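Down below is the structure, laid out as structure tokens.
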Amino acid sequence: MKGIKSVRLIGISFIILILLFSGCTFTLSHRDHVEPINLEKGEYDLAEEYLTEFIQSKMKKTKSVGLSIAVVSDNEIIYEEGFGYADLENEIEVTSKTIFRVGSISKIFTVLSALQLQEKGLLNIDNDIREYIPEFSMKNRFNNESKITLRSIMTHHSGLPSDYLKEMLSDSPISYEELVTELQDYYYASEPNVVLSYSNLAMTLLGYVVERVSQEKFTEYTEKNIFIPLGMHNSAFRLEEDMDPYLSYGYMRRDVYEQYDTFAVPAGLLYSNAEDMGRFIIAMINHGKLEDAEIISQATFNEMTRVQNSDIPLDLGNEIGLGWFLDAQSLRGYEGKIIQHGGDWEDFHAQLTILPDDKLGVIVMTNSSSGAGIVREIASEALKVYLKVKSGFEFPVEEEEEKIPVVKIDGEKFKKYEGYYSLIPGMGTFKCEVKGDKIRVSIAKYKGLLEPHPDDWFSVKMVLLKLFRFKITEFGQVRFGEINGQTVIFQKVNDVESVMAIKIFPEKVTEEIWLNREGKYAPVNIEEDEGTLSGIEQLFNLEIVDGILCIAGFQPIEVLDKNTACVMGIGRNKGDALIFQEEDGIEYLYYSGYKLKKKD
């Protein structure tokens with residue numbers, strides 16, 4: 001495929017104001033030119049007509065090129081449709097057979113593979129990863145012997161870095177063996193089981209465990225033990241030649257993107273289509289069974305979909321099973337179990353959501369960068385519509401949000417909360433400062449304030465060009481508090497409360513050696529067959545802000561010794577190491593596999 005060679009996994013971008021919190025929740029409050037409809041139980045034809053119109057409206061609004069959907073009820077696909085184009089230039093339409101990259105939905109299949117091996121007695125997910133990869137080793141800056149279990153990897157609590165960025169996109173990526181060797185020079189990002197911290201790197205290593213234990217290539221193991229038994233004939237972790245005619249192009253603003261390979265195959269390189277994913281949903285609805293195949297036992301399915309992190313205080317509001325996210329926010333008013341996972345590249349987006357109690361599920365996939373939000377919204381709408389016609393379930397009508405009164409506060413009461421707060425979901429730092437009866441905030445280089453409401457809740461309002469104030473609705477409402485002995489900022493979105501940020505204590509940099517390292521850096525070890533991760537240039541900038549040495553705009557780093565520092569905070573993209581080394585009189589910065597030289 002020919003096109004622009006610039007692709008990334010969502011989560012690599014560090015533009016924090018909107019992207020970190022968009023697509024997190026589903027609403028039914030805006031239907032974009034599609035009139036609300038009163039469905040009755042059994043009106044499947046009307047449901048299909050409405051959902052088709054809803055999808056077309058969303059695609060038109062976002063200028064999405066192509067989309068595919070399958071809705072499953074009990075043991076059959078009841079709605080299966082393609083929209084738009086898999087190849088815009090040649091007007092090849094999307095069908096249910098069109099193959100998309102499904103991104104991080106891949107992780108479900110990687111976890112399933114490891115659980116199959118546990119059922120065979122070949123591994124134990126509560127064992128340390130080093131029992132299966134003995135040569136795995138990373139530097140430990142914490143005062144304990146950190147045990148990284150396979151279970152902690154499956155629940156994103158391993159403490160490993162979020163990503164290893166070098167060769168994340170490459171036509172000839174490094175092998176698993178080479179990756180393990182490279183990691184020996186880097187550090188754990190945090191102690192295990194402290195906070196839910198999404199890690200593509202950890203899931204990649206889990207795939208390597210599957211390969212080592214099964215003594216088969218990961219791609220071959222999944223084909224033989226998942227895809228073939230389930231009749232998923234157009235699904236694979238490596239694109240097969242006979243799949244190529246069905247493969248969709250990926251689009252960024254309607255331009256074709258070049259598709260790169262990656263070493264992170266188990267974390268995000270699954271190819272599939274609506275037909276195959278529909279069969280997978282049926283298997284999950286039946287607790288691992290489809291026709292004569294049983295890929296996991298019911299007991300294993302139950303463990304996969306059980307909340308695993310209820311004893312981790314900082315995970316408040318974020319529930320996860322083994323691989324599956326158990327998202328209570330995605331269908332407000334529904335009290336049954338929800339298991340789901342999204343998947344995102346720059347140009348491909350997907351959402352898989354299943355309601356096991358009602359034996360209903362949906363997969364939505366798109367080939368457009370603009371489709372990140374609509375796949376979640378369409379999946380939610382589809383489940384609401386078909387749950388209504390299947391069982392008569394009525395979702396509560398979402399009323400217009402009442403205007404929350406603004407109150408005055410006693411600034412002295414909040415003085416103790418002044419300081420810096422590192423966002424847990426991604427890069428970025430809040431700076432809070434109390435001035436009289438106002439709490440002023442900075443996020444990166446944006447200025448704003450916290451607008452006070454009753455019961456010590458606040459809205460986040462930013463100021464643009466010193467003229468316009470706008471509320472960041474993705475943050476919902478926020479408040480200060482304590483949890484697990486640490487000062488945090490809580491966030492409330494759709495009445496669900498979670499921990500948004502944790503207080504950090506950066507020190508002003510005074511050592512000349514670190515003062516002189518301020519500046520912009522560029523990688524010197526990029527190969528010709530590597531892709532460029534969108535937004536990564538921000539990571540190569542070291543800047544002193546308020547006397548604090550920061551990376552990526554305003555993310556403070558903690559100096560460990562004269563040549564080593566780490567990104568402050570816990571959670572996604574935190575704890576990553578920055579290592580300086582001198583070679584032939586030139587100092588280089590090593591960061592996530594990149595070798596960087598300071599620009600003149």
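Residue numbers start at 1 in each chain; chains themselves are named A, B, ... in the order of the structure tokens; ligands are numbered from 1 in the order shown.
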Check your understanding: Can you tell me, as a VMD selection string, what residues are no more than 10 Å from Ile338 in chain A when counting only C-alpha atoms, ignoring any on the same chain fewer than 6 positions away?
Key -> chain A and resid 305 324 to 331 353 to 358 361
How about saving the chosen residues, C-alpha atoms kept, as an mmCIF file, in the first residue's frame?
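This went into selection.cif:
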data_model
loop_
_atom_site.group_PDB
_atom_site.id
_atom_site.type_symbol
_atom_site.label_atom_id
_atom_site.label_comp_id
_atom_site.auth_asym_id
_atom_site.auth_seq_id
_atom_site.Cartn_x
_atom_site.Cartn_y
_atom_site.Cartn_z
ATOM 1 C CA THR A 305 -14.426 -11.361 33.370
ATOM 2 C CA TRP A 324 -11.157 -7.291 29.395
ATOM 3 C CA PHE A 325 -12.128 -3.829 30.634
ATOM 4 C CA LEU A 326 -15.283 -3.983 32.752
ATOM 5 C CA ASP A 327 -16.527 -0.500 31.967
ATOM 6 C CA ALA A 328 -19.484 0.574 34.069
ATOM 7 C CA GLN A 329 -19.693 3.948 32.286
ATOM 8 C CA SER A 330 -20.261 2.696 28.762
ATOM 9 C CA LEU A 331 -23.998 1.993 29.114
ATOM 10 C CA THR A 353 -18.409 -4.691 23.586
ATOM 11 C CA ILE A 354 -20.296 -7.703 24.942
ATOM 12 C CA LEU A 355 -23.165 -8.002 27.432
ATOM 13 C CA PRO A 356 -22.763 -11.623 28.592
ATOM 14 C CA ASP A 357 -25.865 -11.580 30.816
ATOM 15 C CA ASP A 358 -28.087 -10.652 27.873
ATOM 16 C CA GLY A 361 -22.483 -8.093 21.582
#
Practice item. Based on DSSP run over this structure's backbone, return all residues of range 250-294 of chain A in alpha helix (DSSP H), as a list in words. Key: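 Going through range 250-294 of chain A, the alpha helix (DSSP H) residues come out as Val265, Pro266, Ala267, Gly268, Ala274, Glu275, Asp276, Met277, Gly278, Arg279, Phe280, Ile281, Ile282, Ala283, Met284 and Ile285 of chain A.
Proximity of A:Thr532, A:Ser272, A:Ser199, A:Ser391 to Thr155 in chain A, computed with only C-alpha atoms, is greatest for A:Ser199.
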Review point. Between A:Pro134, A:Gly575, A:Gly84, A:Gly66, which has the minimum distance to Ala189 in chain A (counting only C-alpha atoms)?
Key: A:Gly575
Write down as a PDB file with N, CA, C and O atoms, in the first residue's frame the residues belonging to range 512-593 of chain A that are assigned strand (DSSP E or B) by DSSP computed on the backbone.
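Ended up saving to result06.pdb:
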ATOM      1  N   GLY A 519      17.106  21.591  26.024  1.00  0.00           N
ATOM      2  CA  GLY A 519      17.171  21.763  24.586  1.00  0.00           C
ATOM      3  C   GLY A 519      16.372  20.721  23.830  1.00  0.00           C
ATOM      4  O   GLY A 519      15.688  19.882  24.423  1.00  0.00           O
ATOM      5  N   LYS A 520      16.464  20.765  22.520  1.00  0.00           N
ATOM      6  CA  LYS A 520      15.760  19.829  21.663  1.00  0.00           C
ATOM      7  C   LYS A 520      16.731  18.752  21.188  1.00  0.00           C
ATOM      8  O   LYS A 520      17.878  19.043  20.865  1.00  0.00           O
ATOM      9  N   TYR A 521      16.222  17.523  21.129  1.00  0.00           N
ATOM     10  CA  TYR A 521      17.045  16.378  20.747  1.00  0.00           C
ATOM     11  C   TYR A 521      16.440  15.707  19.512  1.00  0.00           C
ATOM     12  O   TYR A 521      15.237  15.759  19.282  1.00  0.00           O
ATOM     13  N   ALA A 522      17.287  15.057  18.769  1.00  0.00           N
ATOM     14  CA  ALA A 522      16.841  14.337  17.572  1.00  0.00           C
ATOM     15  C   ALA A 522      17.471  12.954  17.561  1.00  0.00           C
ATOM     16  O   ALA A 522      18.643  12.801  17.906  1.00  0.00           O
ATOM     17  N   PRO A 523      16.724  11.937  17.153  1.00  0.00           N
ATOM     18  CA  PRO A 523      17.274  10.572  17.107  1.00  0.00           C
ATOM     19  C   PRO A 523      18.319  10.425  16.013  1.00  0.00           C
ATOM     20  O   PRO A 523      18.177  10.988  14.924  1.00  0.00           O
ATOM     21  N   GLU A 530      11.789   2.498   9.088  1.00  0.00           N
ATOM     22  CA  GLU A 530      10.998   2.795  10.273  1.00  0.00           C
ATOM     23  C   GLU A 530       9.972   3.880   9.981  1.00  0.00           C
ATOM     24  O   GLU A 530      10.230   4.818   9.216  1.00  0.00           O
ATOM     25  N   ASN A 541      12.120  16.890  23.688  1.00  0.00           N
ATOM     26  CA  ASN A 541      12.383  18.249  24.131  1.00  0.00           C
ATOM     27  C   ASN A 541      12.537  18.284  25.645  1.00  0.00           C
ATOM     28  O   ASN A 541      11.648  17.850  26.381  1.00  0.00           O
ATOM     29  N   LEU A 542      13.662  18.790  26.117  1.00  0.00           N
ATOM     30  CA  LEU A 542      13.873  19.033  27.542  1.00  0.00           C
ATOM     31  C   LEU A 542      13.831  20.542  27.768  1.00  0.00           C
ATOM     32  O   LEU A 542      14.552  21.293  27.102  1.00  0.00           O
ATOM     33  N   GLU A 543      12.992  20.959  28.690  1.00  0.00           N
ATOM     34  CA  GLU A 543      12.771  22.386  28.910  1.00  0.00           C
ATOM     35  C   GLU A 543      12.685  22.666  30.407  1.00  0.00           C
ATOM     36  O   GLU A 543      12.111  21.874  31.159  1.00  0.00           O
ATOM     37  N   ILE A 544      13.235  23.762  30.827  1.00  0.00           N
ATOM     38  CA  ILE A 544      13.140  24.161  32.230  1.00  0.00           C
ATOM     39  C   ILE A 544      11.937  25.092  32.385  1.00  0.00           C
ATOM     40  O   ILE A 544      11.874  26.166  31.789  1.00  0.00           O
ATOM     41  N   VAL A 545      10.956  24.661  33.171  1.00  0.00           N
ATOM     42  CA  VAL A 545       9.730  25.422  33.430  1.00  0.00           C
ATOM     43  C   VAL A 545       9.612  25.615  34.937  1.00  0.00           C
ATOM     44  O   VAL A 545       9.659  24.634  35.692  1.00  0.00           O
ATOM     45  N   ILE A 548      12.034  23.821  36.904  1.00  0.00           N
ATOM     46  CA  ILE A 548      11.936  22.362  36.914  1.00  0.00           C
ATOM     47  C   ILE A 548      12.252  21.832  35.521  1.00  0.00           C
ATOM     48  O   ILE A 548      11.734  22.342  34.522  1.00  0.00           O
ATOM     49  N   LEU A 549      13.075  20.826  35.450  1.00  0.00           N
ATOM     50  CA  LEU A 549      13.394  20.224  34.163  1.00  0.00           C
ATOM     51  C   LEU A 549      12.244  19.314  33.735  1.00  0.00           C
ATOM     52  O   LEU A 549      11.837  18.411  34.479  1.00  0.00           O
ATOM     53  N   CYS A 550      11.711  19.580  32.538  1.00  0.00           N
ATOM     54  CA  CYS A 550      10.514  18.878  32.064  1.00  0.00           C
ATOM     55  C   CYS A 550      10.765  18.282  30.685  1.00  0.00           C
ATOM     56  O   CYS A 550      11.609  18.746  29.917  1.00  0.00           O
ATOM     57  N   ILE A 551      10.006  17.268  30.386  1.00  0.00           N
ATOM     58  CA  ILE A 551      10.002  16.646  29.072  1.00  0.00           C
ATOM     59  C   ILE A 551       8.611  16.804  28.481  1.00  0.00           C
ATOM     60  O   ILE A 551       7.611  16.931  29.207  1.00  0.00           O
ATOM     61  N   GLN A 555       6.055  17.992  31.644  1.00  0.00           N
ATOM     62  CA  GLN A 555       6.015  16.779  32.433  1.00  0.00           C
ATOM     63  C   GLN A 555       7.333  16.691  33.196  1.00  0.00           C
ATOM     64  O   GLN A 555       8.367  16.367  32.621  1.00  0.00           O
ATOM     65  N   PRO A 556       7.330  17.025  34.499  1.00  0.00           N
ATOM     66  CA  PRO A 556       8.586  17.062  35.261  1.00  0.00           C
ATOM     67  C   PRO A 556       9.296  15.717  35.275  1.00  0.00           C
ATOM     68  O   PRO A 556       8.666  14.657  35.250  1.00  0.00           O
ATOM     69  N   ILE A 557      10.615  15.789  35.308  1.00  0.00           N
ATOM     70  CA  ILE A 557      11.416  14.577  35.440  1.00  0.00           C
ATOM     71  C   ILE A 557      12.187  14.635  36.753  1.00  0.00           C
ATOM     72  O   ILE A 557      12.524  15.715  37.244  1.00  0.00           O
ATOM     73  N   GLU A 558      12.421  13.470  37.316  1.00  0.00           N
ATOM     74  CA  GLU A 558      13.138  13.350  38.580  1.00  0.00           C
ATOM     75  C   GLU A 558      14.560  12.885  38.297  1.00  0.00           C
ATOM     76  O   GLU A 558      14.778  11.865  37.636  1.00  0.00           O
ATOM     77  N   VAL A 559      15.536  13.654  38.796  1.00  0.00           N
ATOM     78  CA  VAL A 559      16.931  13.292  38.608  1.00  0.00           C
ATOM     79  C   VAL A 559      17.310  12.215  39.616  1.00  0.00           C
ATOM     80  O   VAL A 559      17.121  12.374  40.823  1.00  0.00           O
ATOM     81  N   LEU A 560      17.839  11.082  39.130  1.00  0.00           N
ATOM     82  CA  LEU A 560      18.249   9.985  40.005  1.00  0.00           C
ATOM     83  C   LEU A 560      19.738  10.054  40.316  1.00  0.00           C
ATOM     84  O   LEU A 560      20.159   9.780  41.432  1.00  0.00           O
ATOM     85  N   ASP A 561      20.533  10.368  39.312  1.00  0.00           N
ATOM     86  CA  ASP A 561      21.961  10.581  39.515  1.00  0.00           C
ATOM     87  C   ASP A 561      22.428  11.504  38.400  1.00  0.00           C
ATOM     88  O   ASP A 561      21.614  12.056  37.644  1.00  0.00           O
ATOM     89  N   THR A 564      21.147   9.936  34.986  1.00  0.00           N
ATOM     90  CA  THR A 564      19.874   9.212  34.875  1.00  0.00           C
ATOM     91  C   THR A 564      18.740  10.021  35.489  1.00  0.00           C
ATOM     92  O   THR A 564      18.888  10.610  36.563  1.00  0.00           O
ATOM     93  N   ALA A 565      17.597  10.026  34.809  1.00  0.00           N
ATOM     94  CA  ALA A 565      16.384  10.660  35.322  1.00  0.00           C
ATOM     95  C   ALA A 565      15.196   9.821  34.879  1.00  0.00           C
ATOM     96  O   ALA A 565      15.324   8.913  34.047  1.00  0.00           O
ATOM     97  N   CYS A 566      14.021  10.107  35.431  1.00  0.00           N
ATOM     98  CA  CYS A 566      12.810   9.406  35.000  1.00  0.00           C
ATOM     99  C   CYS A 566      11.653  10.388  35.002  1.00  0.00           C
ATOM    100  O   CYS A 566      11.657  11.398  35.711  1.00  0.00           O
ATOM    101  N   VAL A 567      10.655  10.087  34.185  1.00  0.00           N
ATOM    102  CA  VAL A 567       9.452  10.906  34.113  1.00  0.00           C
ATOM    103  C   VAL A 567       8.673  10.736  35.413  1.00  0.00           C
ATOM    104  O   VAL A 567       8.383   9.608  35.826  1.00  0.00           O
ATOM    105  N   ALA A 577      12.611   6.052  31.677  1.00  0.00           N
ATOM    106  CA  ALA A 577      13.963   6.489  32.020  1.00  0.00           C
ATOM    107  C   ALA A 577      14.585   7.323  30.903  1.00  0.00           C
ATOM    108  O   ALA A 577      14.372   7.065  29.714  1.00  0.00           O
ATOM    109  N   LEU A 578      15.381   8.317  31.301  1.00  0.00           N
ATOM    110  CA  LEU A 578      16.227   9.097  30.410  1.00  0.00           C
ATOM    111  C   LEU A 578      17.666   8.862  30.857  1.00  0.00           C
ATOM    112  O   LEU A 578      18.012   9.152  32.008  1.00  0.00           O
ATOM    113  N   ILE A 579      18.476   8.329  29.977  1.00  0.00           N
ATOM    114  CA  ILE A 579      19.837   7.933  30.339  1.00  0.00           C
ATOM    115  C   ILE A 579      20.824   8.657  29.422  1.00  0.00           C
ATOM    116  O   ILE A 579      20.719   8.560  28.190  1.00  0.00           O
ATOM    117  N   PHE A 580      21.748   9.390  30.034  1.00  0.00           N
ATOM    118  CA  PHE A 580      22.764  10.108  29.262  1.00  0.00           C
ATOM    119  C   PHE A 580      24.080   9.337  29.311  1.00  0.00           C
ATOM    120  O   PHE A 580      24.498   8.873  30.369  1.00  0.00           O
ATOM    121  N   GLN A 581      24.700   9.209  28.142  1.00  0.00           N
ATOM    122  CA  GLN A 581      25.999   8.546  28.050  1.00  0.00           C
ATOM    123  C   GLN A 581      26.879   9.311  27.074  1.00  0.00           C
ATOM    124  O   GLN A 581      26.398   9.817  26.052  1.00  0.00           O
ATOM    125  N   GLU A 582      28.178   9.385  27.401  1.00  0.00           N
ATOM    126  CA  GLU A 582      29.125  10.053  26.517  1.00  0.00           C
ATOM    127  C   GLU A 582      29.863   9.020  25.674  1.00  0.00           C
ATOM    128  O   GLU A 582      30.332   8.004  26.187  1.00  0.00           O
ATOM    129  N   GLU A 583      29.956   9.301  24.374  1.00  0.00           N
ATOM    130  CA  GLU A 583      30.650   8.416  23.451  1.00  0.00           C
ATOM    131  C   GLU A 583      31.500   9.270  22.518  1.00  0.00           C
ATOM    132  O   GLU A 583      30.975  10.158  21.830  1.00  0.00           O
ATOM    133  N   ILE A 586      30.978  12.934  22.672  1.00  0.00           N
ATOM    134  CA  ILE A 586      29.624  13.451  22.394  1.00  0.00           C
ATOM    135  C   ILE A 586      28.648  12.802  23.361  1.00  0.00           C
ATOM    136  O   ILE A 586      28.669  11.581  23.553  1.00  0.00           O
ATOM    137  N   GLU A 587      27.800  13.621  23.978  1.00  0.00           N
ATOM    138  CA  GLU A 587      26.810  13.083  24.920  1.00  0.00           C
ATOM    139  C   GLU A 587      25.518  12.747  24.182  1.00  0.00           C
ATOM    140  O   GLU A 587      24.993  13.566  23.422  1.00  0.00           O
ATOM    141  N   TYR A 588      25.013  11.544  24.434  1.00  0.00           N
ATOM    142  CA  TYR A 588      23.771  11.091  23.824  1.00  0.00           C
ATOM    143  C   TYR A 588      22.734  10.820  24.912  1.00  0.00           C
ATOM    144  O   TYR A 588      23.068  10.423  26.028  1.00  0.00           O
ATOM    145  N   LEU A 589      21.484  11.023  24.545  1.00  0.00           N
ATOM    146  CA  LEU A 589      20.355  10.690  25.413  1.00  0.00           C
ATOM    147  C   LEU A 589      19.713   9.413  24.896  1.00  0.00           C
ATOM    148  O   LEU A 589      19.368   9.301  23.715  1.00  0.00           O
ATOM    149  N   TYR A 590      19.532   8.438  25.787  1.00  0.00           N
ATOM    150  CA  TYR A 590      18.843   7.196  25.440  1.00  0.00           C
ATOM    151  C   TYR A 590      17.457   7.216  26.085  1.00  0.00           C
ATOM    152  O   TYR A 590      17.316   7.416  27.290  1.00  0.00           O
ATOM    153  N   TYR A 591      16.454   7.040  25.249  1.00  0.00           N
ATOM    154  CA  TYR A 591      15.076   7.101  25.729  1.00  0.00           C
ATOM    155  C   TYR A 591      14.245   6.100  24.929  1.00  0.00           C
ATOM    156  O   TYR A 591      14.110   6.220  23.711  1.00  0.00           O
TER     157      TYR A 591
END
Point to revise | Top pick for closest residue to Ala267 in chain A, considering A:Ile226, A:Leu387, A:Leu165, A:Ile108 and counting only C-alpha atoms | key: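 Of A:Ile226, A:Leu387, A:Leu165, A:Ile108, the one nearest Ala267 in chain A is A:Ile108, counting only C-alpha atoms.
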Practice item. Tell me, as a ChimeraX atom specification, which residues lie within 7 Å of Ser368 in chain A, counting only C-alpha atoms; anything in the same chain fewer than 3 positions away does not count. Key: /A:64-66,250-252,347-348,371
Can you spit out the residues from that selection as a PDB file, in the first residue's frame, using N, CA and C atoms?
ATOM      1  N   SER A  64     -15.756   9.983   7.673  1.00  0.00           N
ATOM      2  CA  SER A  64     -15.101   8.675   7.740  1.00  0.00           C
ATOM      3  C   SER A  64     -15.253   7.957   6.402  1.00  0.00           C
ATOM      4  N   VAL A  65     -14.223   7.234   5.997  1.00  0.00           N
ATOM      5  CA  VAL A  65     -14.215   6.614   4.666  1.00  0.00           C
ATOM      6  C   VAL A  65     -14.968   5.293   4.662  1.00  0.00           C
ATOM      7  N   GLY A  66     -14.679   4.417   5.627  1.00  0.00           N
ATOM      8  CA  GLY A  66     -15.312   3.107   5.630  1.00  0.00           C
ATOM      9  C   GLY A  66     -15.555   2.593   7.034  1.00  0.00           C
ATOM     10  N   GLY A 250      -6.016   2.196   5.089  1.00  0.00           N
ATOM     11  CA  GLY A 250      -6.254   3.087   6.216  1.00  0.00           C
ATOM     12  C   GLY A 250      -6.137   4.521   5.762  1.00  0.00           C
ATOM     13  N   TYR A 251      -6.961   5.399   6.342  1.00  0.00           N
ATOM     14  CA  TYR A 251      -7.034   6.780   5.861  1.00  0.00           C
ATOM     15  C   TYR A 251      -6.835   7.787   6.991  1.00  0.00           C
ATOM     16  N   MET A 252      -6.055   8.796   6.665  1.00  0.00           N
ATOM     17  CA  MET A 252      -5.898   9.957   7.537  1.00  0.00           C
ATOM     18  C   MET A 252      -6.321  11.170   6.731  1.00  0.00           C
ATOM     19  N   ASP A 347      -4.995   5.321  11.897  1.00  0.00           N
ATOM     20  CA  ASP A 347      -5.951   5.257  10.805  1.00  0.00           C
ATOM     21  C   ASP A 347      -7.004   4.154  10.951  1.00  0.00           C
ATOM     22  N   PHE A 348      -6.872   3.287  11.931  1.00  0.00           N
ATOM     23  CA  PHE A 348      -7.869   2.245  12.173  1.00  0.00           C
ATOM     24  C   PHE A 348      -8.353   2.342  13.618  1.00  0.00           C
ATOM     25  N   GLY A 371     -12.514   8.307  12.901  1.00  0.00           N
ATOM     26  CA  GLY A 371     -13.497   7.382  13.450  1.00  0.00           C
ATOM     27  C   GLY A 371     -13.270   6.972  14.885  1.00  0.00           C
TER      28      GLY A 371
END
Exercise for review: May I have the residues within 10 Å of Ile281 in chain A as an MDAnalysis selection string, using only C-alpha atoms and disregarding those fewer than 6 positions away in the same chain?
Suggested key: chainID A and resid 70:77 287:288 290 352:356 359:363
Exercise for review: Counting only C-alpha atoms, figure out which residue out of A:Pro192, A:Gly231, A:Gly42, A:Pro313 gets nearest to Glu482 in chain A.
Suggested key: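 Checking each of A:Pro192, A:Gly231, A:Gly42, A:Pro313 against Glu482 in chain A, counting only C-alpha atoms, the winner is A:Pro313.
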